[in-house]
$ cat target36.txt   # compact mmCIF, C-alpha atoms and all ligand atoms
# COMPACT_ATOMS: atom_id res chain seq x y z
CA MET K 1 35.44 3.42 19.38
CA ASN K 2 33.44 5.52 21.78
CA LEU K 3 29.78 4.59 21.37
CA ASN K 4 26.63 5.78 23.13
CA LYS K 5 26.85 3.82 26.38
CA HIS K 6 23.26 4.68 27.21
CA PHE K 7 22.10 2.03 24.74
CA LEU K 8 23.41 -0.49 27.29
CA GLU K 9 20.98 0.94 29.83
CA LEU K 10 17.93 0.13 27.69
CA GLU K 11 15.87 -2.76 28.93
CA ASP K 12 15.38 -5.36 26.23
CA SER K 13 11.80 -5.20 25.10
CA TYR K 14 10.49 -8.70 24.71
CA LEU K 15 6.82 -7.79 25.03
CA PHE K 16 5.49 -8.15 21.50
CA SER K 17 8.05 -10.75 20.42
CA THR K 18 7.17 -12.92 23.45
CA ILE K 19 3.46 -12.51 22.72
CA ALA K 20 4.05 -13.54 19.10
CA LYS K 21 6.19 -16.54 20.15
CA LYS K 22 3.67 -17.75 22.71
CA ALA K 23 0.77 -17.35 20.28
CA ALA K 24 2.70 -19.19 17.54
CA ALA K 25 3.59 -22.06 19.90
CA HIS K 26 -0.05 -22.30 20.98
CA THR K 27 -1.28 -22.40 17.38
CA GLN K 28 1.27 -25.07 16.50
CA ALA K 29 0.19 -27.24 19.43
CA ASN K 30 -3.51 -26.59 18.70
CA PRO K 31 -3.80 -26.36 14.91
CA ASP K 32 -7.63 -26.26 15.00
CA ALA K 33 -7.83 -23.42 17.51
CA LYS K 34 -9.01 -20.14 16.01
CA VAL K 35 -6.87 -17.65 17.89
CA ILE K 36 -8.33 -14.13 18.17
CA ARG K 37 -5.87 -11.28 18.64
CA LEU K 38 -6.95 -8.40 20.80
CA GLY K 39 -3.39 -7.61 21.74
CA ILE K 40 -2.27 -5.23 19.05
CA GLY K 41 -2.41 -1.44 19.00
CA ASP K 42 -2.58 -1.37 15.21
CA VAL K 43 -5.74 -0.50 13.32
CA THR K 44 -7.44 -3.11 11.14
CA ARG K 45 -9.98 -1.20 8.99
CA PRO K 46 -8.92 -0.21 5.44
CA LEU K 47 -8.16 3.38 4.43
CA ALA K 48 -11.01 5.82 3.81
CA PRO K 49 -12.00 6.04 0.10
CA ALA K 50 -11.39 9.82 0.19
CA SER K 51 -7.72 9.31 1.07
CA ILE K 52 -7.30 6.56 -1.53
CA ALA K 53 -8.72 8.83 -4.25
CA ALA K 54 -6.49 11.74 -3.21
CA MET K 55 -3.35 9.62 -3.07
CA THR K 56 -4.13 8.00 -6.43
CA LYS K 57 -4.49 11.45 -7.99
CA ALA K 58 -1.24 12.56 -6.36
CA VAL K 59 0.60 9.54 -7.77
CA ALA K 60 -0.64 10.49 -11.26
CA GLU K 61 0.59 14.07 -10.70
CA MET K 62 4.04 12.73 -9.90
CA GLY K 63 4.09 10.99 -13.30
CA GLU K 64 3.65 14.21 -15.31
CA ALA K 65 6.43 16.76 -15.80
CA ALA K 66 4.02 19.65 -15.30
CA THR K 67 2.79 18.44 -11.89
CA PHE K 68 5.81 16.49 -10.63
CA ARG K 69 7.06 17.55 -7.18
CA GLY K 70 10.48 16.97 -5.66
CA TYR K 71 11.50 18.09 -2.19
CA GLY K 72 8.65 19.76 -0.39
CA PRO K 73 8.80 22.19 2.53
CA GLU K 74 10.31 20.41 5.59
CA ALA K 75 7.45 21.55 7.79
CA GLY K 76 4.81 20.28 5.37
CA TYR K 77 2.82 21.70 2.45
CA PRO K 78 0.68 24.71 3.33
CA PHE K 79 -2.44 22.81 2.13
CA LEU K 80 -2.02 20.22 4.89
CA ARG K 81 -0.89 22.66 7.59
CA GLU K 82 -4.03 24.69 6.86
CA ALA K 83 -6.22 21.58 6.86
CA VAL K 84 -4.91 20.67 10.33
CA GLN K 85 -5.44 24.28 11.41
CA ASN K 86 -9.10 24.00 10.27
CA TYR K 87 -9.49 20.66 12.03
CA TYR K 88 -8.43 22.33 15.28
CA SER K 89 -10.63 25.34 14.72
CA GLY K 90 -13.51 22.85 14.42
CA LYS K 91 -12.72 21.86 18.03
CA GLY K 92 -12.61 25.51 19.06
CA VAL K 93 -8.79 25.65 19.18
CA LYS K 94 -7.21 28.55 17.34
CA LEU K 95 -3.81 27.76 15.84
CA SER K 96 -1.79 29.45 13.17
CA ALA K 97 -0.67 27.22 10.30
CA ASP K 98 3.01 27.98 10.93
CA GLU K 99 2.98 26.42 14.39
CA ILE K 100 1.90 23.09 12.84
CA PHE K 101 4.81 20.94 11.64
CA ILE K 102 3.91 17.98 9.46
CA GLY K 103 5.94 14.84 10.09
CA ASP K 104 5.84 11.12 9.46
CA GLY K 105 4.04 10.17 12.67
CA ALA K 106 3.92 10.78 16.38
CA LYS K 107 6.48 8.14 17.32
CA SER K 108 9.30 9.91 15.48
CA ASP K 109 8.48 13.32 16.89
CA VAL K 110 7.97 12.33 20.56
CA GLY K 111 11.58 11.17 20.36
CA ASN K 112 12.97 13.80 17.97
CA ILE K 113 11.69 16.70 20.08
CA LEU K 114 14.27 15.74 22.69
CA ASP K 115 16.96 17.32 20.48
CA LEU K 116 15.72 20.63 21.90
CA PHE K 117 16.42 19.73 25.52
CA ASP K 118 19.58 19.46 27.56
CA LYS K 119 20.73 16.00 28.52
CA ASN K 120 20.37 16.86 32.20
CA CYS K 121 16.68 17.79 32.00
CA ASN K 122 14.53 15.85 34.46
CA VAL K 123 11.95 13.81 32.60
CA ILE K 124 8.61 12.81 34.10
CA ILE K 125 6.96 9.74 32.63
CA PRO K 126 3.65 8.17 33.65
CA ASP K 127 3.75 4.48 34.56
CA PRO K 128 2.28 2.59 32.74
CA VAL K 129 2.56 4.29 29.36
CA TYR K 130 3.65 3.96 25.71
CA PRO K 131 7.25 2.69 26.07
CA ALA K 132 8.83 4.97 23.41
CA TYR K 133 8.98 7.94 25.83
CA LEU K 134 11.20 6.09 28.25
CA ASP K 135 13.52 4.51 25.71
CA ALA K 136 14.07 7.76 23.78
CA ASN K 137 15.21 9.44 27.01
CA VAL K 138 17.30 6.52 28.22
CA MET K 139 19.17 6.57 24.89
CA ALA K 140 19.99 10.22 25.52
CA GLY K 141 21.08 9.53 29.10
CA ARG K 142 18.43 11.76 30.71
CA PRO K 143 17.28 11.21 34.28
CA VAL K 144 13.75 9.74 34.26
CA TYR K 145 11.25 9.84 37.11
CA TYR K 146 7.97 7.96 37.15
CA ILE K 147 4.55 9.09 38.25
CA ALA K 148 2.44 6.10 39.14
CA GLY K 149 -0.97 5.22 37.79
CA ASP K 150 -3.04 2.94 39.97
CA GLU K 151 -6.63 2.06 40.84
CA GLY K 152 -6.76 4.95 43.31
CA ASN K 153 -6.14 7.62 40.68
CA GLY K 154 -7.82 5.73 37.84
CA PHE K 155 -4.41 5.45 36.16
CA LEU K 156 -4.26 9.24 35.84
CA PRO K 157 -1.31 10.45 37.92
CA MET K 158 -1.40 14.13 38.91
CA PRO K 159 1.35 16.70 39.65
CA ASP K 160 1.39 15.87 43.38
CA ALA K 161 3.19 12.66 42.34
CA ILE K 162 6.11 14.83 41.19
CA GLY K 163 6.05 17.04 44.27
CA ALA K 164 6.21 13.96 46.49
CA GLN K 165 9.53 13.03 44.89
CA GLY K 166 11.07 16.48 45.34
CA ILE K 167 12.10 16.81 41.70
CA ASN K 168 12.31 19.88 39.49
CA ALA K 169 10.42 18.69 36.44
CA ASP K 170 11.64 19.89 33.04
CA ILE K 171 9.85 17.59 30.60
CA ILE K 172 6.49 16.01 31.41
CA TYR K 173 4.96 13.42 29.10
CA ILE K 174 1.18 13.24 29.12
CA CYS K 175 -0.68 10.71 27.00
CA SER K 176 -4.45 11.23 26.99
CA PRO K 177 -6.28 9.05 26.05
CA ASN K 178 -3.60 6.86 27.50
CA ASN K 179 -2.01 3.87 25.88
CA PRO K 180 -2.26 1.27 27.42
CA THR K 181 -4.92 2.18 30.01
CA GLY K 182 -7.47 4.00 27.84
CA SER K 183 -8.00 6.51 30.67
CA VAL K 184 -8.46 10.20 29.82
CA TYR K 185 -7.74 13.35 31.80
CA THR K 186 -10.66 15.69 32.46
CA ARG K 187 -10.49 19.41 31.69
CA GLU K 188 -9.87 20.20 35.38
CA GLN K 189 -7.06 17.66 35.60
CA LEU K 190 -5.38 19.01 32.48
CA GLN K 191 -5.74 22.54 33.85
CA ALA K 192 -3.92 21.37 36.99
CA TRP K 193 -1.12 19.99 34.81
CA VAL K 194 -0.82 23.21 32.81
CA ASP K 195 -0.81 25.33 35.97
CA TYR K 196 1.88 23.10 37.42
CA ALA K 197 4.05 23.22 34.29
CA LEU K 198 3.79 27.00 34.02
CA LYS K 199 4.86 27.38 37.62
CA ALA K 200 7.67 24.84 37.35
CA GLU K 201 8.82 26.20 33.94
CA ALA K 202 8.43 22.71 32.58
CA VAL K 203 7.28 21.65 29.11
CA ILE K 204 4.39 19.23 28.69
CA LEU K 205 4.82 16.86 25.76
CA PHE K 206 1.18 16.04 25.08
CA ASP K 207 0.60 12.90 23.03
CA ALA K 208 -2.85 13.15 21.46
CA ALA K 209 -2.48 10.04 19.28
CA TYR K 210 -5.87 8.72 20.40
CA GLU K 211 -7.81 12.00 20.54
CA CYS K 212 -10.26 10.87 17.84
CA PHE K 213 -11.69 8.24 20.18
CA ILE K 214 -12.89 10.79 22.73
CA THR K 215 -16.67 10.72 22.66
CA ASP K 216 -17.38 12.64 25.87
CA LYS K 217 -17.90 16.26 24.80
CA ASN K 218 -16.53 17.53 28.13
CA VAL K 219 -13.17 15.80 27.72
CA PRO K 220 -10.54 17.92 25.92
CA THR K 221 -9.09 16.40 22.77
CA SER K 222 -6.18 18.87 22.72
CA ILE K 223 -4.01 20.37 25.46
CA PHE K 224 -4.54 23.71 23.69
CA GLU K 225 -8.14 23.71 24.90
CA ILE K 226 -6.62 24.47 28.30
CA GLU K 227 -5.90 28.02 29.38
CA GLY K 228 -2.18 28.76 29.56
CA ALA K 229 -1.16 25.67 27.57
CA ARG K 230 0.42 27.73 24.80
CA GLY K 231 3.06 28.79 27.30
CA CYS K 232 4.05 25.29 28.37
CA ALA K 233 2.95 22.57 25.92
CA ILE K 234 3.83 20.85 22.67
CA GLU K 235 1.22 18.56 21.14
CA PHE K 236 1.74 15.49 18.95
CA GLY K 237 -1.02 14.35 16.61
CA THR K 238 -1.20 11.55 14.09
CA PHE K 239 -3.30 10.26 11.21
CA SER K 240 -2.44 6.71 12.30
CA LYS K 241 -5.48 5.95 14.41
CA PHE K 242 -8.08 8.33 12.97
CA ALA K 243 -7.37 7.64 9.31
CA GLY K 244 -5.72 4.22 9.57
CA PHE K 245 -2.36 5.66 8.46
CA THR K 246 -0.19 3.37 10.62
CA GLY K 247 1.38 2.02 7.44
CA VAL K 248 1.06 5.22 5.40
CA ARG K 249 2.81 7.47 7.96
CA CYS K 250 1.76 11.04 8.64
CA GLY K 251 1.48 13.12 11.79
CA TYR K 252 1.99 16.64 13.08
CA THR K 253 3.62 18.45 15.98
CA ILE K 254 2.29 21.74 17.29
CA VAL K 255 4.89 24.06 18.78
CA PRO K 256 3.50 27.49 19.79
CA PRO K 257 5.79 30.52 19.48
CA GLU K 258 5.05 31.41 23.11
CA LEU K 259 7.37 28.62 24.28
CA GLU K 260 10.24 30.88 25.15
CA PHE K 261 12.78 30.31 27.91
CA GLY K 262 15.41 33.06 28.14
CA GLN K 263 17.20 33.18 24.80
CA PHE K 264 15.57 29.94 23.59
CA ASN K 265 12.43 29.81 21.46
CA LEU K 266 11.25 26.22 21.08
CA GLN K 267 9.34 26.84 17.84
CA LYS K 268 12.42 28.34 16.18
CA MET K 269 14.56 25.51 17.53
CA TRP K 270 12.14 22.86 16.23
CA ALA K 271 11.94 24.54 12.81
CA ARG K 272 15.73 24.53 12.67
CA ARG K 273 15.95 20.95 13.88
CA GLN K 274 13.50 19.75 11.23
CA ALA K 275 15.18 21.75 8.46
CA THR K 276 18.48 20.11 9.41
CA LYS K 277 17.42 16.50 9.99
CA PHE K 278 14.13 16.00 8.10
CA ASN K 279 13.31 16.43 4.42
CA GLY K 280 9.55 16.49 4.62
CA THR K 281 6.73 13.95 4.49
CA CYS K 282 5.88 12.31 1.16
CA TYR K 283 3.70 14.59 -1.04
CA ILE K 284 1.33 11.73 -1.91
CA VAL K 285 0.80 10.95 1.77
CA GLN K 286 0.17 14.60 2.60
CA ARG K 287 -2.54 14.71 -0.06
CA GLY K 288 -4.08 11.59 1.50
CA ALA K 289 -4.00 13.26 4.92
CA GLU K 290 -5.53 16.45 3.55
CA ALA K 291 -8.38 14.37 2.09
CA VAL K 292 -9.29 12.77 5.44
CA LEU K 293 -9.80 16.26 6.86
CA THR K 294 -12.45 17.14 4.25
CA PRO K 295 -16.07 16.67 5.36
CA GLU K 296 -16.31 13.51 3.24
CA GLY K 297 -13.05 12.07 4.60
CA MET K 298 -13.94 12.99 8.17
CA ALA K 299 -17.26 11.14 7.86
CA GLU K 300 -15.56 8.04 6.46
CA CYS K 301 -12.92 8.01 9.21
CA ALA K 302 -15.49 8.72 11.91
CA ALA K 303 -17.38 5.61 10.77
CA ASN K 304 -14.24 3.52 11.35
CA VAL K 305 -13.67 5.11 14.76
CA GLU K 306 -17.28 4.34 15.66
CA TYR K 307 -16.79 0.76 14.55
CA TYR K 308 -13.84 0.35 16.94
CA MET K 309 -15.65 2.14 19.75
CA ASN K 310 -18.59 -0.22 19.37
CA ASN K 311 -16.11 -3.08 19.85
CA ALA K 312 -14.75 -1.30 22.92
CA LYS K 313 -18.28 -1.11 24.35
CA ILE K 314 -18.76 -4.84 23.81
CA ILE K 315 -15.51 -5.56 25.69
CA ALA K 316 -16.37 -3.14 28.51
CA LYS K 317 -19.86 -4.65 28.88
CA THR K 318 -18.31 -8.11 29.17
CA MET K 319 -15.99 -6.89 31.93
CA ASP K 320 -19.01 -5.41 33.73
CA GLU K 321 -20.82 -8.73 33.47
CA LEU K 322 -17.77 -10.61 34.75
CA GLY K 323 -17.31 -8.16 37.62
CA ILE K 324 -13.76 -7.39 36.51
CA TRP K 325 -12.31 -3.96 37.42
CA TYR K 326 -11.24 -1.92 34.42
CA VAL K 327 -10.70 1.58 33.05
CA GLY K 328 -10.83 2.75 29.44
CA GLY K 329 -13.14 1.75 26.63
CA GLU K 330 -15.28 4.87 26.87
CA ASN K 331 -13.02 7.42 25.20
CA ALA K 332 -10.31 5.08 23.97
CA PRO K 333 -9.97 1.85 21.99
CA TYR K 334 -8.28 0.11 24.94
CA ILE K 335 -9.72 -1.63 27.99
CA TRP K 336 -7.28 -1.94 30.87
CA LEU K 337 -8.44 -4.64 33.24
CA LYS K 338 -7.28 -6.00 36.53
CA CYS K 339 -6.26 -9.63 36.24
CA PRO K 340 -8.68 -11.68 38.34
CA ASP K 341 -7.62 -13.78 41.35
CA GLY K 342 -4.36 -11.87 41.84
CA MET K 343 -2.83 -13.31 38.70
CA THR K 344 0.22 -11.60 37.22
CA SER K 345 -0.11 -10.10 33.76
CA TRP K 346 1.67 -13.04 32.12
CA GLU K 347 -0.22 -15.67 34.14
CA PHE K 348 -3.47 -14.13 32.90
CA PHE K 349 -2.09 -13.95 29.35
CA ASP K 350 -1.28 -17.68 29.45
CA LYS K 351 -4.69 -18.57 30.88
CA VAL K 352 -6.63 -16.56 28.32
CA LEU K 353 -4.52 -17.89 25.44
CA SER K 354 -4.59 -21.53 26.48
CA GLU K 355 -8.23 -21.69 27.58
CA ALA K 356 -9.98 -19.13 25.35
CA ASN K 357 -7.60 -18.85 22.37
CA VAL K 358 -7.58 -15.09 22.88
CA VAL K 359 -4.43 -12.92 22.79
CA GLY K 360 -4.20 -9.73 24.85
CA THR K 361 -1.26 -7.65 26.06
CA PRO K 362 0.26 -8.12 29.52
CA GLY K 363 0.19 -4.82 31.37
CA SER K 364 3.65 -5.36 32.84
CA GLY K 365 5.07 -4.64 29.36
CA PHE K 366 4.11 -0.96 29.78
CA GLY K 367 5.86 -0.30 33.08
CA ALA K 368 6.24 -1.73 36.58
CA LYS K 369 2.84 -0.36 37.62
CA GLY K 370 1.22 -2.36 34.83
CA GLU K 371 1.92 -5.65 36.63
CA GLY K 372 -1.32 -7.43 37.47
CA TYR K 373 -3.20 -5.68 34.65
CA PHE K 374 -4.01 -6.55 31.05
CA ARG K 375 -4.84 -4.56 27.89
CA LEU K 376 -7.54 -5.59 25.46
CA SER K 377 -7.73 -3.69 22.19
CA ALA K 378 -10.84 -2.88 20.15
CA PHE K 379 -8.91 -3.04 16.88
CA ASN K 380 -10.48 -6.12 15.30
CA SER K 381 -13.68 -7.14 13.54
CA ILE K 382 -16.91 -7.04 15.54
CA GLU K 383 -17.40 -10.76 14.86
CA ASN K 384 -14.01 -11.57 16.40
CA VAL K 385 -14.62 -9.30 19.39
CA GLN K 386 -18.01 -10.90 20.03
CA GLU K 387 -16.56 -14.39 19.76
CA ALA K 388 -13.59 -13.49 22.01
CA MET K 389 -15.92 -12.08 24.68
CA LYS K 390 -18.14 -15.17 24.53
CA ARG K 391 -15.07 -17.31 25.17
CA LEU K 392 -13.84 -15.09 28.02
CA LYS K 393 -17.22 -15.41 29.70
CA GLU K 394 -16.93 -19.19 29.47
CA VAL K 395 -13.45 -19.44 30.98
CA LEU K 396 -13.60 -16.66 33.59
N1 LIG K 401 1.72 7.60 20.69
C1 LIG K 401 1.06 6.61 21.26
C2 LIG K 401 0.55 6.78 22.63
C3 LIG K 401 0.86 5.39 20.59
O1 LIG K 401 0.22 4.39 21.18
C4 LIG K 401 1.37 5.24 19.28
C5 LIG K 401 1.20 4.00 18.52
O2 LIG K 401 0.54 3.07 18.85
C6 LIG K 401 2.06 6.31 18.73
C7 LIG K 401 2.22 7.48 19.45
C8 LIG K 401 2.68 6.19 17.39
O3 LIG K 401 1.95 6.87 16.44
P1 LIG K 401 2.45 7.02 14.95
O4 LIG K 401 1.90 5.86 14.19
O5 LIG K 401 1.88 8.34 14.52
O6 LIG K 401 3.95 7.03 14.95

$ encode --input "target36.txt" --output "structure tokens" --more "lines below"
Ligand code: PLP
Amino acid sequence: MNLNKHFLELEDSYLFSTIAKKAAAHTQANPDAKVIRLGIGDVTRPLAPASIAAMTKAVAEMGEAATFRGYGPEAGYPFLREAVQNYYSGKGVKLSADEIFIGDGAKSDVGNILDLFDKNCNVIIPDPVYPAYLDANVMAGRPVYYIAGDEGNGFLPMPDAIGAQGINADIIYICSPNNPTGSVYTREQLQAWVDYALKAEAVILFDAAYECFITDKNVPTSIFEIEGARGCAIEFGTFSKFAGFTGVRCGYTIVPPELEFGQFNLQKMWARRQATKFNGTCYIVQRGAEAVLTPEGMAECAANVEYYMNNAKIIAKTMDELGIWYVGGENAPYIWLKCPDGMTSWEFFDKVLSEANVVGTPGSGFGAKGEGYFRLSAFNSIENVQEAMKRLKEVL
């Protein structure tokens, strides 16, 4: 049997299982401790009523012969592609509905898109970042190069980090707002990335999973706000964070027709790839997603986003009061802080868990450059966030 040997090159990911084990052991040893979890990247607020109503109606349609639907179009129903198109036009970004491909979430597509690229393409990945980018490329045996985030660049590496390594970049992952650091690229910085990619004939894979948390009007929420991006970028969006669809599953991938390299057209390739390997997102879910893009649904989801961002402010204010260095929290639901007193990420995790009964995420789980840092998430109730911050102030 000749299996994919690249699976042996994957690093075992113990991050969330180790966190869960340590938290469980702590709870067992301290049964009265009320442990507060600010470690998870999952949303906590329930679905918007508009999406519940739309999905309930869609379920009823499926129960009647006259309105039953079987396989839908692989790229999504026109009603949802057009709703996403309108959502973008609201941000001043003109898209055509047929460059929007509906899928079951950003995680699948940031990996699936790699079907379009040769196995020898050089892949550029920020460090630290969402681990799925690295693993999807390691599985395919592609060479990966890191661009480092640090305090100096505010955890926003720029193209000079590629030039310094003397690499010809083919695929460049950009995640803005970033998970785990919560930092966001400015318009000028994104323009520099687009200019670089156009010159290098590279493709930017732009993960906009957290775009709904951007509150600063000057910060782009889409790479397609940047001049030239249609010639070098693919964007991944999701209903997971905005609409709380982490368990419902719906997202979209935008592939402009301008992405042409010699005889290859990436939009045509992606359409073909999806038609071959994907049979469409659930009709009921697509109706739910359509509903969150109506004015009523948008208002309900925006209220949830505001709720989380208020939590983020509370966390950021606490870090200010404690004199702890951090980024994020302003345009993202994550606060990325520097562990005090030179502690490693796990040392700080253990201290905060044992002394404050608070769970966060060790930064080292997101890449080597995350060592010495720690992620706190705003996805929890305001009461829990307030209580967790009160405890952190006591122990730090
Ligand atoms: N991209 C980033 C940066 C994420 O942090 C996550 C999930 O936390 C995803 C994508 C996955 O999104 P989805 O739920 O749409 O698969």

$ residues_around --input "target36.txt" --residues "segment 115-129 of chain K" --least-positions-apart "2" --cutoff "9 Å" --atoms "only C-alpha atoms" --output "ChimeraX atom specification"
/K:111-113,131-134,137,140-150,155-157,162,167-175,178-181,266,269-270,273,363-370

$ atom_distance --input "target36.txt" --atom1 "atom CA of Arg287 of chain K" --atom2 "atom CA of Pro257 of chain K"
26.5 Å

$ axis_aligned_box --input "target36.txt" --around "ligand LIG 401 (chain K)" --padding-each-side "4 Å" --output "JSON"
{"center_x": 2.1, "center_y": 5.7, "center_z": 18.4, "size_x": 11.7, "size_y": 13.3, "size_z": 16.4}

$ residues_near_ligand --input "target36.txt" --ligand "ligand LIG 401 (chain K)" --cutoff "10 Å" --atoms "all atoms listed in the file" --output "PyMOL selection string"
chain K and resi 40-43+103-110+129-133+174-180+182+206-210+236-241+244-252

$ residues_around --input "target36.txt" --residues "segment 322-336 of chain K" --least-positions-apart "2" --cutoff "6 Å" --atoms "all atoms listed in the file" --output "ChimeraX atom specification"
/K:181-183,213-215,312,319-320,338,374-378

$ residues_near_point --input "target36.txt" --point "(-2.1, 8.3, 1.0)" --cutoff "8 Å" --atoms "all atoms listed in the file" --output "list in words"
Ser51, Ile52, Ala54, Met55, Thr56, Phe245, Val248, Ile284, Val285, Gln286, Arg287, Gly288 and Ala289 of chain K

$ closest_residue --input "target36.txt" --among "K:Cys282, K:Leu80, K:Val93, K:Ile315" --to "Phe379 of chain K" --atoms "all atoms listed in the file"
K:Ile315

$ residues_around --input "target36.txt" --residues "Gly228 of chain K" --least-positions-apart "6" --cutoff "9 Å" --atoms "only C-alpha atoms" --output "PyMOL selection string"
chain K and resi 191+194-195+198

$ closest_residue --input "target36.txt" --among "K:Asp341, K:Thr318, K:Arg45, K:Val305" --to "Lys393 of chain K" --atoms "all atoms listed in the file"
K:Thr318

$ closest_residue --input "target36.txt" --among "K:Asn30, K:Asn380, K:Asn2, K:Thr44" --to "Asn310 of chain K" --atoms "all atoms listed in the file"
K:Asn380

$ closest_residue --input "target36.txt" --among "K:Ile382, K:Ala356, K:Cys301, K:Ala20" --to "Leu396 of chain K" --atoms "all atoms listed in the file"
K:Ala356

$ atom_distance --input "target36.txt" --atom1 "atom CA of Gly231 of chain K" --atom2 "atom CA of Glu258 of chain K"
5.3 Å

$ decode --input "target36.txt" --residues "segment 154-160 of chain K" --atoms "all heavy atoms" --output "compact mmCIF listing (two decimals), in the first residue's frame"
# COMPACT_ATOMS: atom_id res chain seq x y z
N GLY K 154 3.75 44.55 14.82
CA GLY K 154 2.37 44.47 15.32
C GLY K 154 1.68 43.18 14.89
O GLY K 154 0.47 43.13 14.75
N PHE K 155 2.48 42.14 14.67
CA PHE K 155 1.97 40.85 14.20
C PHE K 155 1.29 40.97 12.83
O PHE K 155 0.32 40.27 12.54
CB PHE K 155 1.07 40.18 15.26
CG PHE K 155 1.89 39.60 16.37
CD1 PHE K 155 2.20 40.37 17.50
CD2 PHE K 155 2.42 38.33 16.29
CE1 PHE K 155 3.00 39.86 18.50
CE2 PHE K 155 3.23 37.82 17.29
CZ PHE K 155 3.52 38.58 18.40
N LEU K 156 1.86 41.86 12.01
CA LEU K 156 1.37 42.03 10.63
C LEU K 156 2.56 41.98 9.68
O LEU K 156 3.08 43.01 9.24
CB LEU K 156 0.65 43.38 10.50
CG LEU K 156 -0.66 43.52 11.29
CD1 LEU K 156 -1.10 44.97 11.38
CD2 LEU K 156 -1.75 42.65 10.68
N PRO K 157 3.06 40.77 9.37
CA PRO K 157 4.21 40.68 8.48
C PRO K 157 3.90 41.24 7.09
O PRO K 157 2.76 41.15 6.62
CB PRO K 157 4.51 39.18 8.41
CG PRO K 157 3.29 38.50 8.93
CD PRO K 157 2.59 39.46 9.84
N MET K 158 4.92 41.83 6.47
CA MET K 158 4.77 42.48 5.16
C MET K 158 5.61 41.74 4.13
O MET K 158 6.42 40.88 4.47
CB MET K 158 5.16 43.95 5.28
CG MET K 158 4.22 44.78 6.16
SD MET K 158 2.51 44.82 5.57
CE MET K 158 2.67 45.72 4.04
N PRO K 159 5.46 42.09 2.83
CA PRO K 159 6.16 41.34 1.77
C PRO K 159 7.68 41.32 1.92
O PRO K 159 8.32 40.38 1.43
CB PRO K 159 5.75 42.08 0.49
CG PRO K 159 4.47 42.74 0.82
CD PRO K 159 4.51 43.08 2.26
N ASP K 160 8.27 42.31 2.58
CA ASP K 160 9.73 42.29 2.71
C ASP K 160 10.20 41.02 3.42
O ASP K 160 11.32 40.56 3.22
CB ASP K 160 10.24 43.55 3.44
CG ASP K 160 9.62 43.69 4.83
OD1 ASP K 160 8.48 43.25 5.01
OD2 ASP K 160 10.29 44.25 5.72
